[in-house]
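The structure file structure-v5.pdb is reproduced below (PDB, C-alpha atoms and all ligand atoms).
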```
ATOM      1  CA  MET A  26       6.910 -10.594  15.906
ATOM      2  CA  ILE A  27       3.364  -9.762  16.996
ATOM      3  CA  PRO A  28       2.396  -6.569  15.136
ATOM      4  CA  SER A  29       1.423  -3.869  17.636
ATOM      5  CA  ASN A  30       0.083  -1.347  15.155
ATOM      6  CA  ALA A  31      -1.283  -1.066  11.626
ATOM      7  CA  LEU A  32       1.985   0.185  10.115
ATOM      8  CA  ILE A  33       3.987  -2.790  11.378
ATOM      9  CA  ALA A  34       1.227  -5.177  10.332
ATOM     10  CA  ALA A  35       1.190  -3.615   6.843
ATOM     11  CA  HIS A  36       4.907  -4.296   6.438
ATOM     12  CA  GLN A  37       4.484  -7.882   7.630
ATOM     13  CA  TYR A  38       1.585  -8.471   5.237
ATOM     14  CA  LEU A  39       3.475  -7.088   2.232
ATOM     15  CA  ALA A  40       6.823  -8.790   2.899
ATOM     16  CA  PRO A  41       6.148 -12.099   1.041
ATOM     17  CA  ALA A  42       5.070 -10.196  -2.085
ATOM     18  CA  LEU A  43       8.281  -8.135  -2.080
ATOM     19  CA  GLN A  44      10.890 -10.897  -2.235
ATOM     20  CA  ARG A  45      10.614 -11.307  -6.025
ATOM     21  CA  ALA A  46       8.903  -8.033  -6.824
ATOM     22  CA  ARG A  47       9.659  -6.172 -10.046
ATOM     23  CA  CYS A  48       7.565  -3.070  -9.493
ATOM     24  CA  VAL A  49       6.024  -1.661  -6.291
ATOM     25  CA  LEU A  50       4.271   1.534  -5.240
ATOM     26  CA  ASP A  51       4.259   3.849  -2.253
ATOM     27  CA  ALA A  52       1.134   5.922  -2.925
ATOM     28  CA  THR A  53       1.814   8.364  -0.040
ATOM     29  CA  ALA A  54       5.568   8.874   0.338
ATOM     30  CA  GLY A  55       5.493  11.462   3.162
ATOM     31  CA  ASN A  56       8.716  11.197   5.162
ATOM     32  CA  GLY A  57       9.789   8.144   3.174
ATOM     33  CA  ASN A  58       9.594   5.477   5.903
ATOM     34  CA  ASP A  59       7.470   3.166   3.785
ATOM     35  CA  THR A  60       9.459   3.941   0.627
ATOM     36  CA  LEU A  61      12.616   2.921   2.482
ATOM     37  CA  PHE A  62      10.944  -0.306   3.621
ATOM     38  CA  LEU A  63      10.011  -1.107   0.004
ATOM     39  CA  CYS A  64      13.563  -0.362  -1.172
ATOM     40  CA  GLN A  65      15.075  -2.594   1.509
ATOM     41  CA  GLN A  66      12.737  -5.537   0.998
ATOM     42  CA  THR A  67      12.740  -5.761  -2.814
ATOM     43  CA  PRO A  68      15.435  -7.105  -5.175
ATOM     44  CA  PRO A  69      17.963  -4.558  -6.529
ATOM     45  CA  GLU A  70      16.363  -4.532  -9.977
ATOM     46  CA  CYS A  71      12.878  -3.767  -8.616
ATOM     47  CA  ARG A  72      11.446  -0.344  -9.475
ATOM     48  CA  VAL A  73       9.814   1.612  -6.634
ATOM     49  CA  PHE A  74       7.308   4.342  -7.553
ATOM     50  CA  ALA A  75       6.627   6.925  -4.828
ATOM     51  CA  PHE A  76       3.881   9.567  -5.031
ATOM     52  CA  ASP A  77       3.210  12.635  -2.930
ATOM     53  CA  ILE A  78       1.300  15.845  -3.609
ATOM     54  CA  GLN A  79       3.779  17.820  -1.468
ATOM     55  CA  LEU A  80       7.037  18.782  -3.113
ATOM     56  CA  ALA A  81       8.663  19.240   0.310
ATOM     57  CA  ALA A  82       7.781  15.631   1.185
ATOM     58  CA  ILE A  83       9.267  14.332  -2.072
ATOM     59  CA  GLN A  84      12.435  16.357  -1.524
ATOM     60  CA  GLY A  85      12.829  15.220   2.078
ATOM     61  CA  ALA A  86      12.052  11.575   1.366
ATOM     62  CA  SER A  87      14.268  11.375  -1.720
ATOM     63  CA  GLY A  88      17.216  12.812   0.233
ATOM     64  CA  ARG A  89      16.692  10.228   2.925
ATOM     65  CA  ILE A  90      16.439   7.352   0.456
ATOM     66  CA  ALA A  91      19.603   8.510  -1.330
ATOM     67  CA  GLN A  92      21.449   8.533   2.005
ATOM     68  CA  HIS A  93      20.522   4.877   2.404
ATOM     69  CA  GLY A  94      21.966   4.121  -1.043
ATOM     70  CA  TYR A  95      18.692   3.554  -2.901
ATOM     71  CA  GLY A  96      18.679   6.787  -4.922
ATOM     72  CA  ASP A  97      18.577   4.989  -8.293
ATOM     73  CA  LYS A  98      15.817   2.605  -7.302
ATOM     74  CA  VAL A  99      12.971   5.067  -6.769
ATOM     75  CA  CYS A 100      10.958   6.990  -9.335
ATOM     76  CA  TRP A 101       9.530  10.022  -7.467
ATOM     77  CA  ILE A 102       6.234  11.412  -8.680
ATOM     78  CA  HIS A 103       5.087  14.777  -7.400
ATOM     79  CA  ASP A 104       1.424  14.207  -8.188
ATOM     80  CA  ASP A 105      -1.880  12.903  -6.865
ATOM     81  CA  HIS A 106      -1.905   9.081  -6.637
ATOM     82  CA  ALA A 107      -5.207   9.281  -8.538
ATOM     83  CA  THR A 108      -3.024   9.767 -11.640
ATOM     84  CA  LEU A 109      -1.072   6.557 -11.152
ATOM     85  CA  ALA A 110      -2.318   5.043 -14.413
ATOM     86  CA  GLU A 111      -0.550   7.880 -16.273
ATOM     87  CA  HIS A 112       2.766   7.132 -14.593
ATOM     88  CA  VAL A 113       2.901   3.380 -13.944
ATOM     89  CA  THR A 114       2.358   0.945 -16.782
ATOM     90  CA  MET A 115       4.086  -2.154 -15.366
ATOM     91  CA  PRO A 116       2.126  -4.731 -13.307
ATOM     92  CA  LEU A 117       2.498  -3.943  -9.600
ATOM     93  CA  ASP A 118       3.517  -6.598  -7.066
ATOM     94  CA  ALA A 119       2.699  -4.445  -4.047
ATOM     95  CA  ALA A 120       1.287  -1.062  -3.144
ATOM     96  CA  MET A 121       1.011   0.868   0.113
ATOM     97  CA  PHE A 122      -1.255   3.705   1.199
ATOM     98  CA  ASN A 123      -0.610   5.395   4.538
ATOM     99  CA  LEU A 124      -3.534   7.813   4.524
ATOM    100  CA  GLY A 125      -3.925  11.202   6.156
ATOM    101  CA  TYR A 126      -1.516  14.117   6.457
ATOM    102  CA  LEU A 127       2.118  14.473   7.416
ATOM    103  CA  PRO A 128       2.450  14.920  11.187
ATOM    104  CA  GLY A 129       3.634  18.464  11.954
ATOM    105  CA  GLN A 130       2.629  19.750   8.495
ATOM    106  CA  ASP A 131      -0.511  21.347   7.054
ATOM    107  CA  HIS A 132      -3.439  19.075   7.982
ATOM    108  CA  CYS A 133      -5.354  20.287   4.916
ATOM    109  CA  LEU A 134      -2.894  18.431   2.684
ATOM    110  CA  THR A 135      -4.541  15.128   3.436
ATOM    111  CA  THR A 136      -5.652  12.166   1.347
ATOM    112  CA  THR A 137      -9.261  12.038   0.091
ATOM    113  CA  PRO A 138     -11.782   9.286  -0.713
ATOM    114  CA  ASP A 139     -12.056  10.479  -4.333
ATOM    115  CA  SER A 140      -8.335  10.140  -5.064
ATOM    116  CA  LEU A 141      -8.189   6.882  -3.122
ATOM    117  CA  GLU A 142     -11.045   5.408  -5.157
ATOM    118  CA  ARG A 143      -9.451   6.360  -8.489
ATOM    119  CA  ALA A 144      -6.090   4.959  -7.402
ATOM    120  CA  LEU A 145      -7.528   1.699  -6.036
ATOM    121  CA  LYS A 146      -9.589   1.089  -9.188
ATOM    122  CA  ASP A 147      -6.532   1.481 -11.399
ATOM    123  CA  LEU A 148      -4.371  -0.515  -9.008
ATOM    124  CA  LEU A 149      -6.663  -3.537  -8.986
ATOM    125  CA  GLU A 150      -6.344  -3.653 -12.777
ATOM    126  CA  ARG A 151      -2.545  -3.457 -12.543
ATOM    127  CA  LEU A 152      -1.965  -5.848  -9.642
ATOM    128  CA  ALA A 153       0.317  -8.742 -10.597
ATOM    129  CA  PRO A 154      -0.646 -12.339  -9.709
ATOM    130  CA  GLY A 155      -0.109 -12.733  -5.965
ATOM    131  CA  GLY A 156       0.147  -8.961  -5.554
ATOM    132  CA  ARG A 157      -0.773  -7.244  -2.288
ATOM    133  CA  ILE A 158      -2.085  -3.812  -1.310
ATOM    134  CA  THR A 159      -2.235  -2.248   2.155
ATOM    135  CA  VAL A 160      -4.239   0.791   3.206
ATOM    136  CA  VAL A 161      -3.650   2.264   6.679
ATOM    137  CA  ALA A 162      -6.537   4.548   7.678
ATOM    138  CA  TYR A 163      -7.020   6.839  10.675
ATOM    139  CA  PRO A 164     -10.377   7.089  12.482
ATOM    140  CA  GLY A 165      -9.145   9.872  14.813
ATOM    141  CA  HIS A 166      -9.923  12.763  12.443
ATOM    142  CA  ALA A 167     -12.903  13.635  10.244
ATOM    143  CA  PRO A 168     -11.239  13.178   6.798
ATOM    144  CA  GLY A 169      -9.913   9.829   7.999
ATOM    145  CA  ARG A 170     -13.399   8.724   9.052
ATOM    146  CA  ALA A 171     -14.715   9.682   5.581
ATOM    147  CA  GLU A 172     -12.028   7.480   4.020
ATOM    148  CA  ILE A 173     -12.928   4.596   6.306
ATOM    149  CA  GLU A 174     -16.603   5.007   5.377
ATOM    150  CA  PHE A 175     -15.620   4.834   1.707
ATOM    151  CA  LEU A 176     -13.365   1.787   2.218
ATOM    152  CA  GLU A 177     -16.003  -0.097   4.220
ATOM    153  CA  GLU A 178     -18.481   0.373   1.378
ATOM    154  CA  TRP A 179     -16.136  -0.098  -1.585
ATOM    155  CA  LEU A 180     -13.796  -2.912  -0.558
ATOM    156  CA  PRO A 181     -16.483  -5.583   0.047
ATOM    157  CA  GLN A 182     -17.387  -5.214  -3.634
ATOM    158  CA  CYS A 183     -14.002  -6.511  -4.819
ATOM    159  CA  PRO A 184     -14.750  -9.906  -6.448
ATOM    160  CA  GLN A 185     -14.046 -12.837  -4.116
ATOM    161  CA  SER A 186     -12.982 -14.928  -7.122
ATOM    162  CA  ARG A 187      -9.867 -12.778  -7.501
ATOM    163  CA  PHE A 188      -9.187 -10.907  -4.262
ATOM    164  CA  VAL A 189      -8.974 -11.661  -0.566
ATOM    165  CA  VAL A 190      -9.877  -8.468   1.268
ATOM    166  CA  SER A 191      -9.542  -8.198   5.033
ATOM    167  CA  ARG A 192      -9.264  -5.698   7.862
ATOM    168  CA  LEU A 193      -7.152  -5.596  11.028
ATOM    169  CA  THR A 194      -8.237  -3.478  14.002
ATOM    170  CA  PHE A 195      -6.520  -3.152  17.386
ATOM    171  CA  ILE A 196      -9.578  -3.433  19.589
ATOM    172  CA  ASN A 197      -7.952  -3.022  23.024
ATOM    173  CA  GLN A 198      -5.949   0.104  22.175
ATOM    174  CA  LYS A 199      -6.905   3.662  23.196
ATOM    175  CA  ASN A 200      -7.006   6.864  21.103
ATOM    176  CA  ASN A 201      -8.496   5.628  17.844
ATOM    177  CA  PRO A 202      -5.753   3.304  16.608
ATOM    178  CA  ALA A 203      -5.189   3.107  12.863
ATOM    179  CA  ILE A 204      -6.980   0.391  10.889
ATOM    180  CA  LEU A 205      -5.240  -1.783   8.305
ATOM    181  CA  TYR A 206      -7.047  -2.909   5.154
ATOM    182  CA  MET A 207      -5.386  -5.654   3.101
ATOM    183  CA  ILE A 208      -6.105  -6.715  -0.473
ATOM    184  CA  GLY A 209      -4.459  -9.820  -1.913
ATOM    185  CA  GLU A 210      -4.653 -10.994  -5.520
ATOM    186  CA  THR A 211      -5.226 -14.752  -5.588
ATOM    187  CA  ARG A 212      -3.910 -15.871  -8.983
ATOM    188  CA  ARG A 213      -0.679 -17.863  -8.743
ATOM    189  CA  LYS A 214       2.654 -16.317  -9.609
ATOM    190  CA  PRO A 215       4.414 -18.177 -12.454
ATOM    191  CA  HIS A 216       7.127 -19.521 -10.097
ATOM    192  CA  GLU A 217       4.690 -20.877  -7.527
ATOM    193  CA  ASN A 218       4.202 -24.606  -7.371
ATOM    194  CA  ALA A 219       0.542 -25.560  -7.686
ATOM    195  CA  SER A 220       0.642 -28.247  -4.994
ATOM    196  CA  ALA A 221       2.517 -25.984  -2.552
ATOM    197  CA  ASN A 222      -0.341 -23.527  -2.790
ATOM    198  CA  GLN A 223      -3.178 -25.989  -2.282
ATOM    199  CA  GLY A 224      -5.646 -25.186   0.469
ATOM    200  CA  GLN A 225      -4.199 -21.763   1.126
ATOM    201  CA  GLY A 226      -5.240 -18.393  -0.105
ATOM    202  CA  ILE A 227      -2.967 -15.410  -0.170
ATOM    203  CA  GLY A 228      -0.851 -14.879   2.914
ATOM    204  CA  GLY A 229      -1.563 -18.407   4.058
ATOM    205  CA  THR A 230      -5.135 -17.418   4.875
ATOM    206  CA  PRO A 231      -7.149 -20.622   4.972
ATOM    207  CA  GLY A 232     -10.623 -20.937   3.592
ATOM    208  CA  TYR A 233     -10.299 -18.961   0.355
ATOM    209  CA  PRO A 234     -10.275 -21.039  -2.824
ATOM    210  CA  ASP A 235      -7.529 -20.356  -5.326
ATOM    211  CA  ALA A 236      -9.064 -18.599  -8.309
ATOM    212  CA  GLY A 237      -6.611 -20.457 -10.585
TER
HETATM  213  C1  LIG B 301       0.555   9.854   6.616
HETATM  214  S1  LIG B 301       1.561  10.614   5.415
HETATM  215  C2  LIG B 301       2.458   9.271   4.725
HETATM  216  C3  LIG B 301       3.604   8.809   5.574
HETATM  217  C4  LIG B 301       4.629   8.043   4.797
HETATM  218  N1  LIG B 301       4.113   6.811   4.222
HETATM  219  C5  LIG B 301       5.890   7.768   5.593
HETATM  220  O1  LIG B 301       6.347   6.621   5.640
HETATM  221  O2  LIG B 301       6.449   8.710   6.135
HETATM  222  C6  LIG B 301       0.421  10.942   4.101
HETATM  223  C7  LIG B 301       1.082  11.619   2.892
HETATM  224  O3  LIG B 301       0.163  11.550   1.809
HETATM  225  C8  LIG B 301       0.329  12.693   1.018
HETATM  226  N2  LIG B 301      -0.871  12.832   0.182
HETATM  227  C9  LIG B 301      -2.071  13.365   0.498
HETATM  228  N3  LIG B 301      -2.937  13.251  -0.531
HETATM  229  C10 LIG B 301      -2.261  12.624  -1.527
HETATM  230  C11 LIG B 301      -2.611  12.221  -2.845
HETATM  231  N4  LIG B 301      -3.844  12.401  -3.319
HETATM  232  N5  LIG B 301      -1.683  11.623  -3.615
HETATM  233  C12 LIG B 301      -0.409  11.412  -3.123
HETATM  234  N6  LIG B 301      -0.022  11.778  -1.881
HETATM  235  C13 LIG B 301      -0.939  12.364  -1.086
HETATM  236  C14 LIG B 301       0.543  13.805   2.024
HETATM  237  O4  LIG B 301       1.178  14.913   1.433
HETATM  238  C15 LIG B 301       1.410  13.108   3.080
HETATM  239  O5  LIG B 301       2.771  13.331   2.840
END
```

Mind turning this structure into structure tokens?
Amino acid sequence: MIPSNALIAAHQYLAPALQRARCVLDATAGNGNDTLFLCQQTPPECRVFAFDIQLAAIQGASGRIAQHGYGDKVCWIHDDHATLAEHVTMPLDAAMFNLGYLPGQDHCLTTTPDSLERALKDLLERLAPGGRITVVAYPGHAPGRAEIEFLEEWLPQCPQSRFVVSRLTFINQKNNPAILYMIGETRRKPHENASANQGQGIGGTPGYPDAG
């Protein structure tokens, strides 16, 4: 399927990293749509960590996830994702950020560049071989533009020897469409065959050497 927005593209990008995942993260649980996606796409034994600073979001999302039968799979954390290092010690196979605020809720309860930076720094240290991170950012409001400014400055500094970092923008869409940032860790997973991986970086992206 051709992805028509950043959220769909984020799911498509993460999917290959989820098939054998052992631990994944939804850094902004909100209504739980992304948490549900992570629950559905990962093996039963995989642990899903889900953060949100709003208790009401955690309560709503956890109820929804339980209704879908994944109640035991998710560890809910009512805290800033900047504290992820205090809560998650396992290597992470995938992590998602859907930035901004919850539609219909208080717009002041929005993500910030400072928390995002702390979380990304700790995440890069915890990312498993072949792990993937997505960040969906919104240029249609001022806090979102500040986050994009931060990401555009910070992400290019991720070492090319270990990460493939890219950006997807929908350039013919109106009303400030969301932007997707993707970070892929390029070491091989233990189960991956060396020859099968030759000539391809993460996500089948040609042109990036395998860091080995
Ligand atoms: C755009 S919504 C996320 C939507 C969600 N992924 C979904 O599928 O419904 C952004 C969420 O991030 C939460 N949030 C804002 N700042 C945060 C922070 N520093 N740490 C964790 N969550 C945060 C907000 O409360 C809000 O629920």

*Write as number ranges by chain the residues around ligand LIG 301 (chain B), taking 9 Å as the cut-off and counting all atoms listed in the file.*
A: 32, 51-62, 75-83, 86, 102-108, 121-128, 130-141, 144, 161-162

_Distance of atom CA of A:Asn197 from atom CA of A:Ser29, expressed in Å to one decimal place_ =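 These atoms are spaced 10.8 Å apart.
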
*Which one is closest to A:Leu117: A:Gly129, A:Gly94, A:Pro181, A:Gly209? Count all atoms listed in the file.*
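Of A:Gly129, A:Gly94, A:Pro181, A:Gly209, the one nearest A:Leu117, counting all atoms listed in the file, is A:Gly209.
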
_Counting all atoms listed in the file, the residue of A:Pro68, A:Pro154, A:Gly88, A:Gly169 that sits nearest A:Pro202_ =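 With all atoms listed in the file as the atom set, the closest residue is A:Gly169.
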
*What is the distance, in Å and to one decimal place, between atom CA of A:Ser87 and atom CA of A:Ala153?*
26.0 Å

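For the atom pair formed by atom CA of A:Phe74 and atom CA of A:Cys48, the distance is 7.7 Å, given to one decimal.
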
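Compared by their closest atoms to A:Arg151, and using only C-alpha atoms, the residues A:Ser186, A:Leu50, A:Leu176, A:Gln66 rank with A:Leu50 nearest.
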
_For A:His112, the nearest of the candidates A:Ala91, A:Val190, A:Leu148, A:Leu205, counting only C-alpha atoms_ =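 Checking each candidate against A:His112, we get A:Leu148 as the closest.
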
*Quick one: apply the PyMOL selection byres (((chain A and resi 193) around 12) and not hetatm) to the file and drop the selected residues here as an MDAnalysis selection string.*
chainID A and resid 28:35 38 159:162 190:192 194:196 202:208

Generate the output file for the selected residues, C-alpha atoms, as a compact mmCIF listing (two decimals), keeping the file's coordinate frame.
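Dumped everything to again-v5.txt:
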```
# COMPACT_ATOMS: atom_id res chain seq x y z
CA PRO A 28 2.40 -6.57 15.14
CA SER A 29 1.42 -3.87 17.64
CA ASN A 30 0.08 -1.35 15.16
CA ALA A 31 -1.28 -1.07 11.63
CA LEU A 32 1.98 0.18 10.12
CA ILE A 33 3.99 -2.79 11.38
CA ALA A 34 1.23 -5.18 10.33
CA ALA A 35 1.19 -3.62 6.84
CA TYR A 38 1.58 -8.47 5.24
CA THR A 159 -2.24 -2.25 2.15
CA VAL A 160 -4.24 0.79 3.21
CA VAL A 161 -3.65 2.26 6.68
CA ALA A 162 -6.54 4.55 7.68
CA VAL A 190 -9.88 -8.47 1.27
CA SER A 191 -9.54 -8.20 5.03
CA ARG A 192 -9.26 -5.70 7.86
CA THR A 194 -8.24 -3.48 14.00
CA PHE A 195 -6.52 -3.15 17.39
CA ILE A 196 -9.58 -3.43 19.59
CA PRO A 202 -5.75 3.30 16.61
CA ALA A 203 -5.19 3.11 12.86
CA ILE A 204 -6.98 0.39 10.89
CA LEU A 205 -5.24 -1.78 8.30
CA TYR A 206 -7.05 -2.91 5.15
CA MET A 207 -5.39 -5.65 3.10
CA ILE A 208 -6.10 -6.72 -0.47
```

*Expanded to explicit residues, what is the PyMOL selection byres (((chain A and resi 39) around 8) and not hetatm) for this file, as a count of residues only?*
12

*Of the candidates A:Ala167, A:Cys71, A:Ile27, A:Leu63, which shows the shortest atom-to-atom distance to A:Arg45, using only C-alpha atoms?*
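When distances to A:Arg45 are compared using only C-alpha atoms, the smallest one comes from A:Cys71.
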